[in-house]
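Note: the block below is input.cif and it holds mmCIF, C-alpha atoms.
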```
data_my_file
loop_
_atom_site.group_PDB
_atom_site.id
_atom_site.type_symbol
_atom_site.label_atom_id
_atom_site.label_comp_id
_atom_site.auth_asym_id
_atom_site.auth_seq_id
_atom_site.Cartn_x
_atom_site.Cartn_y
_atom_site.Cartn_z
ATOM 1 C CA MET F 16 -87.173 -146.826 -91.441
ATOM 2 C CA THR F 17 -83.684 -145.954 -92.427
ATOM 3 C CA ARG F 18 -81.795 -143.103 -90.959
ATOM 4 C CA ARG F 19 -80.598 -140.416 -93.295
ATOM 5 C CA SER F 20 -77.166 -139.087 -92.618
ATOM 6 C CA ASP F 21 -76.378 -135.410 -92.552
ATOM 7 C CA PRO F 22 -74.097 -134.538 -95.477
ATOM 8 C CA ASP F 23 -72.305 -131.798 -93.455
ATOM 9 C CA ARG F 24 -71.546 -134.073 -90.531
ATOM 10 C CA PRO F 25 -68.342 -135.995 -90.821
ATOM 11 C CA VAL F 26 -68.814 -139.694 -90.676
ATOM 12 C CA GLY F 27 -67.032 -141.620 -87.981
ATOM 13 C CA HIS F 28 -66.807 -138.682 -85.491
ATOM 14 C CA PRO F 29 -69.502 -139.184 -82.886
ATOM 15 C CA LEU F 30 -70.469 -136.298 -80.618
ATOM 16 C CA SER F 31 -68.985 -136.436 -77.162
ATOM 17 C CA ILE F 32 -69.619 -134.467 -73.975
ATOM 18 C CA VAL F 33 -66.644 -133.231 -72.032
ATOM 19 C CA ARG F 34 -67.216 -132.737 -68.320
ATOM 20 C CA GLY F 35 -64.883 -130.798 -66.099
ATOM 21 C CA ASN F 36 -64.707 -129.105 -62.725
ATOM 22 C CA PRO F 37 -64.697 -125.303 -63.200
ATOM 23 C CA ARG F 38 -63.892 -124.656 -59.517
ATOM 24 C CA PRO F 39 -60.403 -123.516 -58.635
ATOM 25 C CA ALA F 40 -58.221 -125.828 -56.624
ATOM 26 C CA SER F 41 -58.619 -125.738 -52.853
ATOM 27 C CA GLY F 42 -56.761 -122.818 -51.286
ATOM 28 C CA THR F 43 -56.742 -120.671 -54.409
ATOM 29 C CA SER F 44 -58.967 -117.713 -55.113
ATOM 30 C CA LEU F 45 -59.643 -115.718 -58.243
ATOM 31 C CA GLU F 46 -60.523 -112.621 -56.201
ATOM 32 C CA PRO F 47 -57.761 -110.075 -55.589
ATOM 33 C CA ARG F 48 -56.553 -109.774 -52.050
ATOM 34 C CA ARG F 49 -57.809 -106.910 -49.983
ATOM 35 C CA ARG F 50 -55.734 -104.873 -47.646
ATOM 36 C CA GLY F 51 -55.403 -106.668 -44.322
ATOM 37 C CA ASP F 52 -55.955 -110.173 -45.721
ATOM 38 C CA VAL F 53 -53.815 -112.740 -43.974
ATOM 39 C CA GLU F 54 -51.975 -115.435 -45.867
ATOM 40 C CA PRO F 55 -52.798 -118.824 -44.346
ATOM 41 C CA ALA F 56 -49.954 -120.873 -42.899
ATOM 42 C CA ARG F 57 -48.325 -123.301 -45.326
ATOM 43 C CA ARG F 58 -47.021 -126.741 -44.623
ATOM 44 C CA ALA F 59 -43.516 -127.783 -45.489
ATOM 45 C CA ASP F 60 -44.780 -129.120 -48.817
ATOM 46 C CA GLY F 61 -46.210 -125.659 -49.683
ATOM 47 C CA THR F 62 -49.923 -126.443 -49.202
ATOM 48 C CA ALA F 63 -52.131 -124.592 -46.751
ATOM 49 C CA ASP F 64 -53.618 -126.296 -43.717
ATOM 50 C CA GLU F 65 -57.415 -126.610 -44.119
ATOM 51 C CA ALA F 66 -58.112 -125.421 -40.557
ATOM 52 C CA ASP F 67 -56.022 -122.289 -41.173
ATOM 53 C CA LEU F 68 -57.928 -121.660 -44.381
ATOM 54 C CA LEU F 69 -61.211 -121.922 -42.522
ATOM 55 C CA ARG F 70 -59.996 -119.579 -39.761
ATOM 56 C CA THR F 71 -58.856 -117.040 -42.335
ATOM 57 C CA ARG F 72 -62.179 -117.244 -44.159
ATOM 58 C CA LEU F 73 -64.043 -116.887 -40.827
ATOM 59 C CA ARG F 74 -62.049 -113.741 -39.986
ATOM 60 C CA GLU F 75 -62.810 -112.290 -43.425
ATOM 61 C CA CYS F 76 -66.536 -113.037 -43.113
ATOM 62 C CA THR F 77 -66.647 -111.623 -39.571
ATOM 63 C CA ALA F 78 -64.929 -108.409 -40.705
ATOM 64 C CA ASP F 79 -67.358 -108.099 -43.635
ATOM 65 C CA LEU F 80 -70.336 -108.649 -41.338
ATOM 66 C CA GLN F 81 -69.095 -106.043 -38.865
ATOM 67 C CA ARG F 82 -68.558 -103.522 -41.667
ATOM 68 C CA VAL F 83 -72.026 -104.103 -43.156
ATOM 69 C CA THR F 84 -73.648 -103.921 -39.708
ATOM 70 C CA SER F 85 -71.874 -100.648 -38.979
ATOM 71 C CA GLU F 86 -72.888 -99.192 -42.354
ATOM 72 C CA TYR F 87 -76.509 -100.213 -41.780
ATOM 73 C CA ASP F 88 -76.581 -98.661 -38.287
ATOM 74 C CA ASN F 89 -75.154 -95.412 -39.663
ATOM 75 C CA TYR F 90 -77.719 -95.471 -42.477
ATOM 76 C CA ARG F 91 -80.602 -95.945 -40.002
ATOM 77 C CA LYS F 92 -79.362 -93.072 -37.831
ATOM 78 C CA ARG F 93 -78.977 -90.813 -40.877
ATOM 79 C CA VAL F 94 -82.472 -91.642 -42.150
ATOM 80 C CA ARG F 95 -83.990 -91.043 -38.698
ATOM 81 C CA ARG F 96 -82.180 -87.682 -38.408
ATOM 82 C CA ASP F 97 -83.216 -86.672 -41.951
ATOM 83 C CA ARG F 98 -86.861 -87.595 -41.314
ATOM 84 C CA ARG F 99 -86.889 -85.572 -38.112
ATOM 85 C CA SER F 100 -85.289 -82.609 -39.884
ATOM 86 C CA VAL F 101 -87.781 -82.735 -42.765
ATOM 87 C CA GLY F 102 -90.685 -82.980 -40.301
ATOM 88 C CA GLU F 103 -89.435 -80.002 -38.300
ATOM 89 C CA ALA F 104 -88.965 -77.952 -41.475
ATOM 90 C CA ALA F 105 -92.488 -78.796 -42.650
ATOM 91 C CA VAL F 106 -94.002 -77.794 -39.291
ATOM 92 C CA ALA F 107 -91.942 -74.583 -39.269
ATOM 93 C CA ASN F 108 -93.150 -73.699 -42.789
ATOM 94 C CA VAL F 109 -96.802 -74.193 -41.853
ATOM 95 C CA LEU F 110 -96.414 -72.220 -38.624
ATOM 96 C CA THR F 111 -94.638 -69.391 -40.448
ATOM 97 C CA GLY F 112 -97.657 -69.144 -42.742
ATOM 98 C CA LEU F 113 -99.937 -68.808 -39.705
ATOM 99 C CA LEU F 114 -98.025 -65.924 -38.078
ATOM 100 C CA PRO F 115 -100.150 -63.224 -39.827
ATOM 101 C CA VAL F 116 -103.239 -64.929 -38.371
ATOM 102 C CA LEU F 117 -101.721 -64.716 -34.892
ATOM 103 C CA ASP F 118 -100.860 -61.039 -35.486
ATOM 104 C CA ALA F 119 -104.487 -60.375 -36.466
ATOM 105 C CA ILE F 120 -105.672 -62.156 -33.304
ATOM 106 C CA ASP F 121 -103.306 -60.031 -31.159
ATOM 107 C CA GLU F 122 -104.666 -56.872 -32.802
ATOM 108 C CA ALA F 123 -108.262 -58.007 -32.200
ATOM 109 C CA ARG F 124 -107.369 -58.731 -28.557
ATOM 110 C CA ARG F 125 -105.987 -55.214 -28.079
ATOM 111 C CA GLN F 126 -109.237 -53.795 -29.476
ATOM 112 C CA GLY F 127 -111.385 -56.051 -27.275
ATOM 113 C CA ASP F 128 -112.903 -58.002 -30.190
ATOM 114 C CA VAL F 129 -111.909 -61.482 -28.957
ATOM 115 C CA THR F 130 -115.120 -62.513 -27.187
ATOM 116 C CA GLY F 131 -117.702 -65.290 -27.183
ATOM 117 C CA GLY F 132 -117.323 -68.060 -29.736
ATOM 118 C CA PHE F 133 -114.386 -66.325 -31.404
ATOM 119 C CA GLN F 134 -112.495 -66.427 -28.096
ATOM 120 C CA ARG F 135 -113.023 -70.208 -27.912
ATOM 121 C CA VAL F 136 -111.664 -70.619 -31.470
ATOM 122 C CA VAL F 137 -108.613 -68.511 -30.573
ATOM 123 C CA GLU F 138 -107.951 -70.610 -27.448
ATOM 124 C CA VAL F 139 -108.163 -73.890 -29.383
ATOM 125 C CA LEU F 140 -105.905 -72.529 -32.139
ATOM 126 C CA GLU F 141 -103.295 -71.317 -29.653
ATOM 127 C CA THR F 142 -103.404 -74.647 -27.767
ATOM 128 C CA GLU F 143 -102.884 -76.656 -30.955
ATOM 129 C CA LEU F 144 -100.056 -74.411 -32.139
ATOM 130 C CA ALA F 145 -98.360 -74.739 -28.754
ATOM 131 C CA ALA F 146 -98.676 -78.533 -29.043
ATOM 132 C CA LEU F 147 -96.739 -78.290 -32.323
ATOM 133 C CA GLY F 148 -93.975 -76.465 -30.455
ATOM 134 C CA LEU F 149 -94.750 -72.828 -31.346
ATOM 135 C CA ARG F 150 -93.538 -70.448 -28.644
ATOM 136 C CA SER F 151 -93.856 -66.679 -28.600
ATOM 137 C CA PHE F 152 -91.234 -64.511 -26.958
ATOM 138 C CA GLY F 153 -90.503 -60.896 -26.290
ATOM 139 C CA THR F 154 -91.643 -58.881 -23.294
ATOM 140 C CA ALA F 155 -90.857 -55.371 -22.116
ATOM 141 C CA GLY F 156 -87.793 -55.486 -19.891
ATOM 142 C CA ASP F 157 -85.940 -58.205 -21.838
ATOM 143 C CA LEU F 158 -82.308 -57.496 -22.579
ATOM 144 C CA PHE F 159 -81.878 -56.650 -26.256
ATOM 145 C CA ASP F 160 -80.478 -59.513 -28.322
ATOM 146 C CA PRO F 161 -79.967 -58.663 -32.004
ATOM 147 C CA VAL F 162 -80.605 -62.297 -32.945
ATOM 148 C CA LEU F 163 -83.990 -62.397 -31.201
ATOM 149 C CA HIS F 164 -85.100 -58.767 -31.447
ATOM 150 C CA GLU F 165 -85.550 -56.348 -34.315
ATOM 151 C CA ALA F 166 -85.003 -52.798 -33.085
ATOM 152 C CA VAL F 167 -87.594 -50.399 -34.516
ATOM 153 C CA SER F 168 -86.417 -47.398 -32.496
ATOM 154 C CA CYS F 169 -83.681 -46.673 -29.991
ATOM 155 C CA THR F 170 -83.618 -44.033 -27.264
ATOM 156 C CA ARG F 171 -81.204 -43.185 -24.458
ATOM 157 C CA SER F 172 -82.313 -43.682 -20.865
ATOM 158 C CA ALA F 173 -80.626 -43.312 -17.494
ATOM 159 C CA HIS F 174 -82.879 -46.082 -16.138
ATOM 160 C CA VAL F 175 -81.083 -48.913 -18.000
ATOM 161 C CA HIS F 176 -77.515 -50.191 -17.752
ATOM 162 C CA ARG F 177 -77.599 -52.316 -20.905
ATOM 163 C CA PRO F 178 -79.680 -52.153 -24.104
ATOM 164 C CA THR F 179 -83.179 -53.197 -23.036
ATOM 165 C CA CYS F 180 -86.529 -53.708 -24.776
ATOM 166 C CA THR F 181 -88.945 -51.069 -23.483
ATOM 167 C CA ALA F 182 -91.926 -52.100 -25.614
ATOM 168 C CA ILE F 183 -92.706 -55.097 -27.833
ATOM 169 C CA LEU F 184 -94.521 -54.021 -30.986
ATOM 170 C CA ARG F 185 -94.838 -57.496 -32.475
ATOM 171 C CA PRO F 186 -93.986 -60.758 -30.672
ATOM 172 C CA GLY F 187 -91.342 -63.103 -31.991
ATOM 173 C CA TYR F 188 -91.915 -66.815 -32.552
ATOM 174 C CA ARG F 189 -89.786 -69.920 -32.499
ATOM 175 C CA VAL F 190 -90.233 -73.667 -32.884
ATOM 176 C CA GLY F 191 -87.690 -75.629 -30.895
ATOM 177 C CA ASP F 192 -84.353 -74.030 -31.684
ATOM 178 C CA ARG F 193 -85.568 -72.601 -34.994
ATOM 179 C CA LEU F 194 -86.326 -68.884 -35.052
ATOM 180 C CA LEU F 195 -89.413 -68.187 -37.174
ATOM 181 C CA ARG F 196 -89.517 -64.437 -36.655
ATOM 182 C CA PRO F 197 -87.673 -61.969 -34.392
ATOM 183 C CA ALA F 198 -89.687 -59.752 -32.043
ATOM 184 C CA GLN F 199 -90.031 -56.099 -33.064
ATOM 185 C CA ALA F 200 -89.128 -53.881 -30.133
ATOM 186 C CA GLU F 201 -88.422 -50.347 -29.032
ATOM 187 C CA ILE F 202 -85.002 -50.243 -27.375
ATOM 188 C CA ALA F 203 -83.534 -48.065 -24.635
ATOM 189 C CA GLU F 204 -79.759 -47.718 -24.243
ATOM 190 C CA PRO F 205 -77.768 -46.279 -21.351
ATOM 191 C CA PRO F 206 -76.507 -42.720 -21.830
ATOM 192 C CA ALA F 207 -73.288 -42.323 -23.815
ATOM 193 C CA ARG F 208 -70.149 -42.063 -21.680
ATOM 194 C CA ARG F 209 -68.076 -38.947 -22.063
#
```

What do you get writing this file as structure tokens?
Amino acid sequence: MTRRSDPDRPVGHPLSIVRGNPRPASGTSLEPRRRGDVEPARRADGTADEADLLRTRLRECTADLQRVTSEYDNYRKRVRRDRRSVGEAAVANVLTGLLPVLDAIDEARRQGDVTGGFQRVVEVLETELAALGLRSFGTAGDLFDPVLHEAVSCTRSAHVHRPTCTAILRPGYRVGDRLLRPAQAEIAEPPARR
């Protein structure tokens, strides 16, 4: 069998493969220098000592590792804090939705309707809500705090030296440091000075 020659291929020019080393020469880098990079020591002939090159590269790798480790630790702390914050906000939202139920239970208690099986349900509900961190506040005799109390009425009284809650009309609630609702209160103030 005879071999047919390709008319477009020049005759007498065989194909050849050229092999080369694409790596840069030792001691050179194509990456730009970063701030703080140290130039390795050079010999009298202008070439860098291999041990110095290795030490410089080790310092660079150590600095990079420390930076990445620090970034990862900060990321983990941020994620943990964000998860906790989202969880607390979710619990606070659910508990805020249950406050009218607690108000209805307080009203039923005042009327004497919390008895029997209903009383057991109320106790379990209050125990579970307390386990989630719900705390009620506001009692007669507390000093008035405009952040924690909502004044419904205010009277003057010679029996108090500072603004004081005389009656709590509706308890306030908080979860941890988060205020869900201020307590509604009747307030007594000391007499005006003349």

### Query
Excluding same-chain residues fewer than 2 positions from F:Arg185, what lies within 12 Å of it counting all atoms listed in the file, as a PyMOL selection string?
chain F and resi 114-115+117-122+151-155+163-167+180+182-183+187-188+196-201

#### Entry: Separation of atom CA of F:Arg193 from atom CA of F:Gly148 in Å
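Separation between atom CA of F:Gly148 and atom CA of F:Arg193: 10.3 Å.
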
Kindly provide the residues of stretch 162-204 of chain F that approach stretch 101-105 of chain F to within 12 Å, each paired with its closest atom pair and their distance in Å to one decimal, based on all atoms listed in the file, listed by chain and increasing number, as a tab-separated table.
```
residue	atom	partner	partner_atom	distance
F:Arg189	CA	F:Glu103	CA	11.6
F:Val190	CA	F:Glu103	CA	8.4
F:Gly191	CA	F:Glu103	CA	8.8
F:Asp192	CA	F:Glu103	CA	10.3
F:Arg193	CA	F:Glu103	CA	9.0
F:Leu194	CA	F:Ala104	CA	11.4
F:Leu195	CA	F:Ala104	CA	10.7
```

For C-alpha atoms, I'd like the residues from the last selection saved as a PDB file, keeping the file's coordinate frame.
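Ended up saving to part_8.pdb:
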```
ATOM      1  CA  ARG F 189     -89.786 -69.920 -32.499  1.00  0.00           C
ATOM      2  CA  VAL F 190     -90.233 -73.667 -32.884  1.00  0.00           C
ATOM      3  CA  GLY F 191     -87.690 -75.629 -30.895  1.00  0.00           C
ATOM      4  CA  ASP F 192     -84.353 -74.030 -31.684  1.00  0.00           C
ATOM      5  CA  ARG F 193     -85.568 -72.601 -34.994  1.00  0.00           C
ATOM      6  CA  LEU F 194     -86.326 -68.884 -35.052  1.00  0.00           C
ATOM      7  CA  LEU F 195     -89.413 -68.187 -37.174  1.00  0.00           C
TER       8      LEU F 195
END
```

### Task
Can you work out the spacing between atom CA of F:Leu113 and atom CA of F:Arg125 in Å, to one decimal?
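Distance reported for this atom pair: 18.9 Å.
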
### Using only C-alpha atoms: which of F:Leu144, F:Leu184, F:Ile202, F:Val136 has the shortest distance to F:Phe159
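Selected residue with least distance to F:Phe159: F:Ile202.
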
### Task
Tell me, in Å to one decimal, how far atom CA of F:Thr111 is from atom CA of F:Asp157.
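Pair atom CA of F:Thr111 / atom CA of F:Asp157 returns 23.4 Å.
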
### Task
Extract, using only C-alpha atoms, all DNA, RNA and protein residues at most 12 Å from F:Arg124, discarding same-chain residues fewer than 6 positions from it, and format them as a ChimeraX atom specification.
/F:117-118,130,133-134,137-138

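Residue membership of the PyMOL selection byres ((chain F and resi 173) around 10) in the shown file amounts to F:Arg171, F:Ser172, F:His174, F:Val175, F:His176, F:Ala203, F:Glu204, F:Pro205, F:Pro206, F:Ala207.
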
### Task
Tell me which of F:Ala107, F:Ala66, F:Ala78, F:Gly112 sits closest to F:Arg150, counting only C-alpha atoms.
F:Ala107
